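Scroll down for the structure; my scribbles are underneath it.
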Amino acid sequence: SAVSDAILQYQRNVGILERITRNIGTKSDGPVLDTQLKVQVDVVQQLGVKIEKQLRDEEIRIQSMPRTEAGRSRATHIKLSRDYRRVETNFKNILLEAKRKRSLTDARRREMEEHDQRKKFEEGLQDDNTRFQIQIQEDKLNEEIMREREEEIRNINKGMHQVNEIYKDLAHIVASQQEQIDEVEAHMENANQNAESGLQQVEKANAASESSCLIS
């Protein structure tokens, strides 16, 4: 009958829905699977509405039949109703399973996202700490360079001071020696003048002596 065929079609589509539900949370899961699931649920629900109407129409038809014929038809109707309810229960269980698996998958996804975020945050902290350590090392190096430069400047200033002192000492020595040289030159000049004066006296004495001898 039409009702029996509809129930078989309903059962096949419930089976398709069950296979789709098994893929939730697997590598095949994703937007495409969600679309397939929604479309298949819609198909099954539409078939269920159709069967519900057929069963109601059949119930009304049986009520108008003679008692003998109605008895046989009612037995068939009861069996078909029982078969439909069994498949319908399976359909509802599959929907619950799909919802459970989807919730579990979403929870795992959120957990992974939170884990990734925590990992990135920790890596960011490590990077910040590394940059901070590098900055500290650079600051220490700069401070060391500045200290070395200041020490070099102090040494240069000290050297220049020492050079100035040496120049002062040399100038003092040269000045002292110049005074001594001037004194030696003055003595030599006096000695030279005294020698010339003495020589003149000797010459005069010799001349006087020669004059005395001639007179005698």
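By order of appearance in the structure tokens: chains A, B, ..., then residues from 1 within every chain, and ligands from 1 in the order shown.
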
Could you give me, as a list in words, the residues within 8 Å of Tyr10 in chain A, counting only C-alpha atoms and dropping anything in the same chain fewer than 4 positions from it?
Ala6, Val14, Val44, Leu47, Gly48 and Val87 of chain A

Give me, as a short mmCIF file (atom, residue, chain, number, x, y, z; two decimals) with C-alpha atoms, in the first residue's frame, all polymer residues having an atom no more than 12 Å from Thr89 in chain A, counting only C-alpha atoms and skipping those fewer than 6 positions away in the same chain.
data_model
loop_
_atom_site.label_atom_id
_atom_site.label_comp_id
_atom_site.auth_asym_id
_atom_site.auth_seq_id
_atom_site.Cartn_x
_atom_site.Cartn_y
_atom_site.Cartn_z
CA GLN A 11 13.08 4.13 7.08
CA VAL A 14 16.37 7.64 8.60
CA GLY A 48 6.80 11.78 8.73
CA ARG A 82 3.59 0.24 14.98
CA ASP A 83 6.28 0.03 12.26
CA LEU A 95 18.45 13.45 16.48
CA LEU A 96 19.39 13.26 20.17
#

Could you check which of A:Ser4, A:Thr21, A:Asn194, A:Thr26 is closest to Asn93 in chain A, using only C-alpha atoms?
A:Thr21

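Candidate residues A:Asp106, A:Asp5, A:Glu203, A:Glu165 were compared for distance to Asp29 in chain A, and the nearest is A:Asp106, using only C-alpha atoms.
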